[in-house]
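Step one of this worksheet: look at the structure below.
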Amino acid sequence: MKQSITNKVKLSHYFYSFMLIMFCYNSTFSQAITKQYEKELSVTSDSKIFIEGPGNLPFQSEGKLKVNTVNGYALEPRDNNGIAAFVANKLDIKTSKNTFVKQIITVKVIPHEKYSEEAKALLEGLKINIHKDANQYQIDNNLNIERLSFKNGFFKGTQNLIVLDDGSSYNVRGIEISTTIIVPDNVTLSVASKYIDVAIEDFKGELNINADKSTIMLSDVGELYGRFNSCKVDFKTIDNANIIAYNTTINGDNVNLLDINTEEFILKESLFNRTKKASLSTYVIKTVGVLNILQTSNDEFKIDQVGTIDVKSSHFSNYQIKRLKNELSLNAKNGDISIDTISKEVTKLDINNRVSTINLGVQELDNYLIRFPVLEYTEKTIPSTAKDVSSEGEVAFQKGNGKTNGIISISCKNCKVNIKD
């Protein structure tokens with residue numbers, strides 16, 4: 001019995017000693033060193049500022065890597081100890097009434113247990129610089145990091161090399177970059193991002209965004225030119241917006257003028273050298289003044305209230321509009337459209353489609369005329385308050401005294417049309 005108790009005491013002693021050693025090892029292993037870098041330059045109102053990153057860096061790897069974009073761009077080696085090799089945190093762009101641009105970068109480095117001096121040397125080797133050419137300013141939030149190199153395996157340790165532009169390299173366990181940029185609110189601003197969150201405060205000038213697999217958070221914007229690939233975009237108000245998007249969700253409160261896919265734009269993917277056109281996006285917006293769409297494919301439009309809609313080409317895109325105030329012109333090949341309420345101010349509503357379900361609410365209209373081409377197969381549900389005024393060449397229904405202020409023309413090869421009052 002005494003021998004059994006003694007053995008248990010020894011095992012308990014060994015266990016707690018092992019746990020203490022592991023705790024000390026992990027504590028030493030994960031100690032981080034942090035340094036902040038700042039740069040400030042004076043600018044004028046006609047300046048053009050280009051901001052990139054952080055995180056969009058070339059890298060090479062040997063071994064197994066995992067990509068985690070939940071909290072930024074992270075590459076995790078095989079050992080699965082929860083420490084990412086490279087993380088680019090949110091790019092935070094703040095605006096001011098001042099005439100300067102300021103870059104603030106915080107870098108946190110986690111050293112390997114035996115290479116803590118390399119982490120310190122890396123922080124000393126990092127340089128911040130805003131490149132100026134006439135009235136143009138280039139801000140790279142990767143500092144002077146040129147590329148990344150990751151190596152790991154079953155029988156060799158993890159090696160994460162941070163290679164700088166002077167050729168020097170540093171082996172660290174992990175590096176994390178956080179960036180804040182302060183810019184005047186009336187300059188021309190261009191932002192490029194990949195795998196990161198971008199937040200931009202109220203901005204009155206021209207804002208250009210080229211984003212790939214990012215989350216974009218905007219407040220009030222004067223003019224936006226956005227090119228989005230697999231992104232999520234949120235905004236409050238935009239005066240004028242020109243958007244091209246693939247596989248993107250766009251949520252907002254108000255846009256005065258919204259142009260969508262008004263130019264040919266091809267998204268190029270490095271994988272298999274594929275190309276993709278703008279499509280497969282969802283637009284959820286409360287109010288739009290004027291909506292112009294040059295081309296749309298497999299998109300979803302969900303708008304509470306819109307003044308005027310002009311769609312030149314629509315393939316398999318669907319429209320859910322709660323209220324139409326002025327005018328609609330839609331040229332489509334398949335795709336459904338639903339308008340809950342057509343206001344009294346609407347003067348023209350033209351729909352040209354092939355296969356579709358069309359729901360129109362005319363409950364506010366005292367006088368309207370609905371026209372259908374006679375030779376097309378269309379299933380129609382018309383309110384009993386509208387009388388048949390068909391003639392040779394077209395089927396038509398009219399409500400009111402003949403002085404119509406709303407003319408609805410529907411040309412559809414094979415559609416189901418429901419007019420409800």
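Following the order of the structure tokens, first chain is A, next is B, and so on, with residues numbered from 1 inside each chain and ligands from 1 in the order they appear.
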
Please give the complete set of residues from segment 108-157 of chain A that DSSP, run on the backbone, assigns to helix (DSSP H, G or I), formatted as a list of chain:residue names.
-> A:Ser116, A:Glu117, A:Glu118, A:Ala119, A:Lys120, A:Ala121, A:Leu122, A:Leu123, A:Glu124, A:Gly125

Near-segment 355-370 of chain A list (8 Å; only C-alpha atoms; drop same-chain fewer than 5 positions) as a ChimeraX atom specification = /A:333-344,396-410,412-421

Write the residues of the selection above to a file with C-alpha atoms, as a PDB file, in the first residue's frame.
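again.pdb written:
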```pdb
ATOM      1  CA  LYS A 333     -33.542  37.964 -70.612  1.00  0.00           C
ATOM      2  CA  ASN A 334     -35.184  36.033 -67.777  1.00  0.00           C
ATOM      3  CA  GLY A 335     -35.395  37.154 -64.166  1.00  0.00           C
ATOM      4  CA  ASP A 336     -38.265  38.211 -61.926  1.00  0.00           C
ATOM      5  CA  ILE A 337     -39.384  41.701 -60.963  1.00  0.00           C
ATOM      6  CA  SER A 338     -41.647  42.756 -58.123  1.00  0.00           C
ATOM      7  CA  ILE A 339     -42.762  46.329 -57.351  1.00  0.00           C
ATOM      8  CA  ASP A 340     -45.004  46.551 -54.293  1.00  0.00           C
ATOM      9  CA  THR A 341     -46.213  50.093 -54.975  1.00  0.00           C
ATOM     10  CA  ILE A 342     -46.121  52.250 -58.116  1.00  0.00           C
ATOM     11  CA  SER A 343     -46.570  55.876 -57.070  1.00  0.00           C
ATOM     12  CA  LYS A 344     -48.834  58.394 -58.804  1.00  0.00           C
ATOM     13  CA  ALA A 396     -54.671  46.585 -73.236  1.00  0.00           C
ATOM     14  CA  PHE A 397     -56.442  47.386 -69.995  1.00  0.00           C
ATOM     15  CA  GLN A 398     -57.286  50.795 -68.660  1.00  0.00           C
ATOM     16  CA  LYS A 399     -58.461  52.230 -65.389  1.00  0.00           C
ATOM     17  CA  GLY A 400     -59.808  55.774 -64.942  1.00  0.00           C
ATOM     18  CA  ASN A 401     -61.224  58.443 -67.220  1.00  0.00           C
ATOM     19  CA  GLY A 402     -58.835  57.919 -70.114  1.00  0.00           C
ATOM     20  CA  LYS A 403     -56.483  60.720 -69.085  1.00  0.00           C
ATOM     21  CA  THR A 404     -53.837  58.269 -68.014  1.00  0.00           C
ATOM     22  CA  ASN A 405     -50.814  59.491 -66.100  1.00  0.00           C
ATOM     23  CA  GLY A 406     -49.217  56.046 -65.943  1.00  0.00           C
ATOM     24  CA  ILE A 407     -48.518  53.886 -68.995  1.00  0.00           C
ATOM     25  CA  ILE A 408     -47.318  50.350 -68.299  1.00  0.00           C
ATOM     26  CA  SER A 409     -45.926  48.383 -71.261  1.00  0.00           C
ATOM     27  CA  ILE A 410     -45.021  44.722 -70.759  1.00  0.00           C
ATOM     28  CA  CYS A 412     -42.658  39.147 -72.386  1.00  0.00           C
ATOM     29  CA  LYS A 413     -42.337  35.864 -74.320  1.00  0.00           C
ATOM     30  CA  ASN A 414     -43.441  33.579 -71.518  1.00  0.00           C
ATOM     31  CA  CYS A 415     -44.378  35.393 -68.336  1.00  0.00           C
ATOM     32  CA  LYS A 416     -46.749  35.369 -65.431  1.00  0.00           C
ATOM     33  CA  VAL A 417     -47.997  38.894 -64.764  1.00  0.00           C
ATOM     34  CA  ASN A 418     -49.896  39.859 -61.638  1.00  0.00           C
ATOM     35  CA  ILE A 419     -51.280  43.419 -61.465  1.00  0.00           C
ATOM     36  CA  LYS A 420     -52.761  44.092 -58.043  1.00  0.00           C
ATOM     37  CA  ASP A 421     -54.596  47.064 -56.592  1.00  0.00           C
TER      38      ASP A 421
END
```

Would you kindly return, as a count of residues only, each protein, DNA or RNA residue with an atom no farther than 10 Å from any atom of Ile104 of chain A, considering only C-alpha atoms and excluding same-chain residues fewer than 6 positions away?
-> 13

Test item: residues at most 12 Å from segment 164-172 of chain A, only C-alpha atoms, excluding those fewer than 2 positions along its chain, as a PyMOL selection string | chain A and resi 29-33+57-58+83-86+108-127+142-151+157-162+174-176

Deliver the residues from the most recent selection as a file, using N, CA and C atoms, as a short mmCIF file (atom, residue, chain, number, x, y, z; two decimals), in the first residue's frame.
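Output saved as again.cif:
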```cif
data_model
loop_
_atom_site.label_atom_id
_atom_site.label_comp_id
_atom_site.auth_asym_id
_atom_site.auth_seq_id
_atom_site.Cartn_x
_atom_site.Cartn_y
_atom_site.Cartn_z
N PHE A 29 7.70 31.21 -25.39
CA PHE A 29 7.51 31.09 -26.83
C PHE A 29 6.64 32.20 -27.40
N SER A 30 5.65 32.63 -26.62
CA SER A 30 4.65 33.53 -27.17
C SER A 30 4.81 34.98 -26.75
N GLN A 31 5.92 35.33 -26.06
CA GLN A 31 6.12 36.71 -25.67
C GLN A 31 6.28 37.58 -26.91
N ALA A 32 5.51 38.65 -26.98
CA ALA A 32 5.52 39.52 -28.16
C ALA A 32 6.31 40.79 -27.90
N ILE A 33 6.91 41.32 -28.95
CA ILE A 33 7.61 42.60 -28.91
C ILE A 33 6.89 43.54 -29.87
N LEU A 57 1.00 40.57 -49.87
CA LEU A 57 2.42 40.32 -50.09
C LEU A 57 2.63 38.98 -50.80
N PRO A 58 3.64 38.89 -51.65
CA PRO A 58 3.98 37.58 -52.23
C PRO A 58 4.60 36.68 -51.17
N ILE A 83 -0.90 30.31 -33.04
CA ILE A 83 -0.22 31.56 -33.33
C ILE A 83 -0.04 31.68 -34.83
N ALA A 84 -0.60 32.69 -35.43
CA ALA A 84 -0.52 32.85 -36.87
C ALA A 84 0.84 33.39 -37.27
N ALA A 85 1.32 32.95 -38.43
CA ALA A 85 2.63 33.41 -38.91
C ALA A 85 2.57 34.84 -39.41
N PHE A 86 1.45 35.22 -40.03
CA PHE A 86 1.33 36.60 -40.52
C PHE A 86 -0.13 37.03 -40.45
N LYS A 108 3.56 43.98 -34.19
CA LYS A 108 3.82 43.06 -33.07
C LYS A 108 4.49 41.80 -33.61
N VAL A 109 5.63 41.46 -33.04
CA VAL A 109 6.39 40.29 -33.49
C VAL A 109 6.47 39.28 -32.35
N ILE A 110 6.16 38.03 -32.66
CA ILE A 110 6.30 36.94 -31.69
C ILE A 110 7.54 36.14 -32.08
N PRO A 111 8.56 36.12 -31.25
CA PRO A 111 9.81 35.44 -31.61
C PRO A 111 9.74 33.93 -31.36
N HIS A 112 10.59 33.19 -32.06
CA HIS A 112 10.84 31.81 -31.67
C HIS A 112 11.57 31.83 -30.32
N GLU A 113 11.46 30.75 -29.60
CA GLU A 113 12.04 30.70 -28.25
C GLU A 113 13.54 30.98 -28.28
N LYS A 114 14.23 30.46 -29.29
CA LYS A 114 15.69 30.57 -29.32
C LYS A 114 16.18 31.73 -30.18
N TYR A 115 15.23 32.49 -30.75
CA TYR A 115 15.65 33.54 -31.69
C TYR A 115 15.00 34.89 -31.34
N SER A 116 14.96 35.24 -30.08
CA SER A 116 14.33 36.49 -29.68
C SER A 116 15.07 37.70 -30.24
N GLU A 117 16.39 37.58 -30.43
CA GLU A 117 17.17 38.70 -30.95
C GLU A 117 16.78 39.01 -32.40
N GLU A 118 16.34 37.97 -33.14
CA GLU A 118 15.93 38.21 -34.53
C GLU A 118 14.67 39.05 -34.59
N ALA A 119 13.78 38.86 -33.65
CA ALA A 119 12.56 39.66 -33.60
C ALA A 119 12.89 41.13 -33.35
N LYS A 120 13.83 41.37 -32.43
CA LYS A 120 14.24 42.75 -32.16
C LYS A 120 14.93 43.36 -33.38
N ALA A 121 15.74 42.55 -34.05
CA ALA A 121 16.44 43.04 -35.23
C ALA A 121 15.47 43.36 -36.36
N LEU A 122 14.41 42.55 -36.49
CA LEU A 122 13.40 42.80 -37.51
C LEU A 122 12.72 44.15 -37.26
N LEU A 123 12.34 44.41 -36.02
CA LEU A 123 11.68 45.68 -35.70
C LEU A 123 12.60 46.87 -35.98
N GLU A 124 13.89 46.68 -35.77
CA GLU A 124 14.84 47.75 -36.07
C GLU A 124 15.02 47.92 -37.58
N GLY A 125 14.87 46.82 -38.32
CA GLY A 125 15.07 46.87 -39.77
C GLY A 125 13.88 47.40 -40.53
N LEU A 126 12.70 47.40 -39.92
CA LEU A 126 11.50 47.88 -40.60
C LEU A 126 11.53 49.40 -40.73
N LYS A 127 11.14 49.89 -41.89
CA LYS A 127 11.15 51.33 -42.16
C LYS A 127 9.78 51.77 -42.69
N ASN A 142 2.76 47.72 -45.79
CA ASN A 142 3.61 46.57 -45.48
C ASN A 142 5.03 47.02 -45.12
N LEU A 143 5.18 48.35 -44.92
CA LEU A 143 6.49 48.91 -44.63
C LEU A 143 7.46 48.51 -45.75
N ASN A 144 8.67 48.09 -45.38
CA ASN A 144 9.62 47.67 -46.40
C ASN A 144 9.76 46.15 -46.48
N ILE A 145 8.67 45.45 -46.11
CA ILE A 145 8.65 43.99 -46.26
C ILE A 145 8.43 43.66 -47.74
N GLU A 146 9.31 42.86 -48.30
CA GLU A 146 9.22 42.52 -49.72
C GLU A 146 8.44 41.24 -49.96
N ARG A 147 8.68 40.22 -49.12
CA ARG A 147 7.98 38.95 -49.31
C ARG A 147 8.06 38.13 -48.02
N LEU A 148 7.31 37.01 -48.02
CA LEU A 148 7.28 36.10 -46.88
C LEU A 148 7.69 34.71 -47.35
N SER A 149 8.31 33.95 -46.44
CA SER A 149 8.70 32.58 -46.76
C SER A 149 8.39 31.70 -45.56
N PHE A 150 7.58 30.64 -45.79
CA PHE A 150 7.15 29.78 -44.69
C PHE A 150 7.63 28.34 -44.96
N LYS A 151 8.25 27.75 -43.95
CA LYS A 151 8.72 26.37 -44.07
C LYS A 151 8.40 25.63 -42.78
N GLY A 157 11.69 22.13 -37.67
CA GLY A 157 10.96 23.19 -37.00
C GLY A 157 10.31 24.16 -37.97
N THR A 158 9.50 25.04 -37.38
CA THR A 158 8.83 26.05 -38.19
C THR A 158 9.77 27.22 -38.45
N GLN A 159 9.80 27.64 -39.71
CA GLN A 159 10.64 28.77 -40.09
C GLN A 159 9.80 29.76 -40.86
N ASN A 160 9.59 30.94 -40.29
CA ASN A 160 8.83 32.01 -40.96
C ASN A 160 9.79 33.16 -41.23
N LEU A 161 10.17 33.31 -42.48
CA LEU A 161 11.13 34.33 -42.84
C LEU A 161 10.42 35.58 -43.34
N ILE A 162 10.72 36.71 -42.73
CA ILE A 162 10.26 38.01 -43.20
C ILE A 162 11.42 38.64 -43.98
N GLY A 174 5.79 34.80 -35.51
CA GLY A 174 4.61 35.46 -36.07
C GLY A 174 4.79 36.96 -36.10
N ILE A 175 4.08 37.61 -37.02
CA ILE A 175 4.11 39.07 -37.13
C ILE A 175 2.70 39.58 -37.38
N GLU A 176 2.34 40.66 -36.74
CA GLU A 176 1.00 41.23 -36.85
C GLU A 176 1.11 42.73 -37.11
#
```

Would you please give, as a PyMOL selection string, all residues of segment 155-288 of chain A that DSSP assigns to strand (DSSP E or B) based on the backbone?
-> chain A and resi 156-164+169-171+174-184+188-194+197-200+203-212+215-218+220-229+232-246+249-260+266-268+275-277+279+282-288

Can you spit out the residues from that selection as an mmCIF file, in the first residue's frame, using C-alpha atoms?
```cif
data_model
loop_
_atom_site.group_PDB
_atom_site.id
_atom_site.type_symbol
_atom_site.label_atom_id
_atom_site.label_comp_id
_atom_site.auth_asym_id
_atom_site.auth_seq_id
_atom_site.Cartn_x
_atom_site.Cartn_y
_atom_site.Cartn_z
ATOM 1 C CA LYS A 156 11.916 20.079 -38.858
ATOM 2 C CA GLY A 157 10.962 23.187 -37.002
ATOM 3 C CA THR A 158 8.828 26.053 -38.185
ATOM 4 C CA GLN A 159 10.643 28.771 -40.085
ATOM 5 C CA ASN A 160 8.834 32.006 -40.960
ATOM 6 C CA LEU A 161 11.135 34.334 -42.840
ATOM 7 C CA ILE A 162 10.265 38.012 -43.199
ATOM 8 C CA VAL A 163 12.321 39.260 -46.143
ATOM 9 C CA LEU A 164 12.932 43.014 -46.439
ATOM 10 C CA SER A 169 15.605 38.118 -43.663
ATOM 11 C CA TYR A 170 14.421 37.408 -40.122
ATOM 12 C CA ASN A 171 13.073 34.144 -38.698
ATOM 13 C CA GLY A 174 4.612 35.459 -36.066
ATOM 14 C CA ILE A 175 4.113 39.070 -37.130
ATOM 15 C CA GLU A 176 0.997 41.229 -36.854
ATOM 16 C CA ILE A 177 0.451 44.612 -38.539
ATOM 17 C CA SER A 178 -2.183 47.189 -37.518
ATOM 18 C CA THR A 179 -2.586 50.380 -39.521
ATOM 19 C CA THR A 180 -4.262 53.768 -39.100
ATOM 20 C CA ILE A 181 -4.116 56.416 -41.829
ATOM 21 C CA ILE A 182 -5.303 60.010 -41.371
ATOM 22 C CA VAL A 183 -6.125 61.885 -44.593
ATOM 23 C CA PRO A 184 -7.901 65.156 -45.500
ATOM 24 C CA THR A 188 -8.660 62.027 -54.224
ATOM 25 C CA LEU A 189 -8.174 58.763 -52.350
ATOM 26 C CA SER A 190 -7.468 55.307 -53.822
ATOM 27 C CA VAL A 191 -7.469 52.179 -51.629
ATOM 28 C CA ALA A 192 -6.424 48.629 -52.588
ATOM 29 C CA SER A 193 -7.121 45.786 -50.168
ATOM 30 C CA LYS A 194 -6.992 41.993 -50.046
ATOM 31 C CA ASP A 197 -11.227 44.806 -43.254
ATOM 32 C CA VAL A 198 -11.180 48.452 -44.317
ATOM 33 C CA ALA A 199 -13.012 51.205 -42.399
ATOM 34 C CA ILE A 200 -13.239 54.742 -43.839
ATOM 35 C CA PHE A 203 -15.202 61.409 -46.970
ATOM 36 C CA LYS A 204 -16.227 64.284 -49.269
ATOM 37 C CA GLY A 205 -13.719 63.755 -52.089
ATOM 38 C CA GLU A 206 -13.371 61.092 -54.776
ATOM 39 C CA LEU A 207 -12.911 57.618 -53.297
ATOM 40 C CA ASN A 208 -11.600 54.724 -55.412
ATOM 41 C CA ILE A 209 -11.656 51.239 -53.911
ATOM 42 C CA ASN A 210 -10.278 48.055 -55.468
ATOM 43 C CA ALA A 211 -11.011 45.288 -52.984
ATOM 44 C CA ASP A 212 -10.550 41.520 -53.102
ATOM 45 C CA THR A 215 -14.993 43.780 -45.783
ATOM 46 C CA ILE A 216 -15.444 47.484 -46.551
ATOM 47 C CA MET A 217 -17.141 49.773 -44.013
ATOM 48 C CA LEU A 218 -17.998 53.299 -45.195
ATOM 49 C CA ASP A 220 -20.880 59.180 -45.764
ATOM 50 C CA VAL A 221 -19.084 59.406 -49.121
ATOM 51 C CA GLY A 222 -19.150 62.089 -51.819
ATOM 52 C CA GLU A 223 -18.116 60.059 -54.868
ATOM 53 C CA LEU A 224 -17.307 56.343 -54.968
ATOM 54 C CA TYR A 225 -15.723 54.222 -57.686
ATOM 55 C CA GLY A 226 -15.751 50.654 -56.388
ATOM 56 C CA ARG A 227 -14.418 47.411 -57.876
ATOM 57 C CA PHE A 228 -15.261 44.518 -55.563
ATOM 58 C CA ASN A 229 -14.450 40.810 -55.805
ATOM 59 C CA LYS A 232 -18.998 42.708 -48.161
ATOM 60 C CA VAL A 233 -19.635 46.454 -48.408
ATOM 61 C CA ASP A 234 -21.601 48.574 -45.921
ATOM 62 C CA PHE A 235 -22.253 52.313 -46.225
ATOM 63 C CA LYS A 236 -24.526 55.079 -44.932
ATOM 64 C CA THR A 237 -24.919 57.593 -47.758
ATOM 65 C CA ILE A 238 -23.206 58.152 -51.120
ATOM 66 C CA ASP A 239 -23.849 61.061 -53.468
ATOM 67 C CA ASN A 240 -22.624 59.329 -56.644
ATOM 68 C CA ALA A 241 -21.505 55.708 -56.883
ATOM 69 C CA ASN A 242 -20.078 53.694 -59.750
ATOM 70 C CA ILE A 243 -19.851 50.027 -58.772
ATOM 71 C CA ILE A 244 -18.648 46.851 -60.469
ATOM 72 C CA ALA A 245 -18.938 43.749 -58.310
ATOM 73 C CA TYR A 246 -18.568 39.972 -58.394
ATOM 74 C CA THR A 249 -23.026 41.932 -50.894
ATOM 75 C CA ILE A 250 -23.627 45.684 -50.806
ATOM 76 C CA ASN A 251 -25.742 47.187 -48.015
ATOM 77 C CA GLY A 252 -26.533 50.876 -47.656
ATOM 78 C CA ASP A 253 -28.993 53.572 -46.619
ATOM 79 C CA ASN A 254 -29.048 56.085 -49.453
ATOM 80 C CA VAL A 255 -27.488 56.716 -52.894
ATOM 81 C CA ASN A 256 -28.433 59.679 -55.061
ATOM 82 C CA LEU A 257 -26.986 58.256 -58.288
ATOM 83 C CA LEU A 258 -25.954 54.605 -58.582
ATOM 84 C CA ASP A 259 -24.280 53.317 -61.760
ATOM 85 C CA ILE A 260 -23.697 49.563 -61.904
ATOM 86 C CA ILE A 266 -12.918 41.456 -66.222
ATOM 87 C CA LEU A 267 -11.806 40.032 -62.881
ATOM 88 C CA LYS A 268 -8.689 37.884 -63.289
ATOM 89 C CA THR A 275 -11.500 35.274 -65.758
ATOM 90 C CA LYS A 276 -14.852 36.362 -64.296
ATOM 91 C CA LYS A 277 -17.263 39.084 -65.254
ATOM 92 C CA SER A 279 -22.184 39.032 -61.490
ATOM 93 C CA THR A 282 -26.668 41.340 -53.938
ATOM 94 C CA TYR A 283 -27.607 45.004 -53.512
ATOM 95 C CA VAL A 284 -29.693 45.842 -50.434
ATOM 96 C CA ILE A 285 -30.334 49.600 -50.287
ATOM 97 C CA LYS A 286 -33.023 51.665 -48.589
ATOM 98 C CA THR A 287 -33.337 54.566 -51.062
ATOM 99 C CA VAL A 288 -31.866 55.229 -54.518
#
```
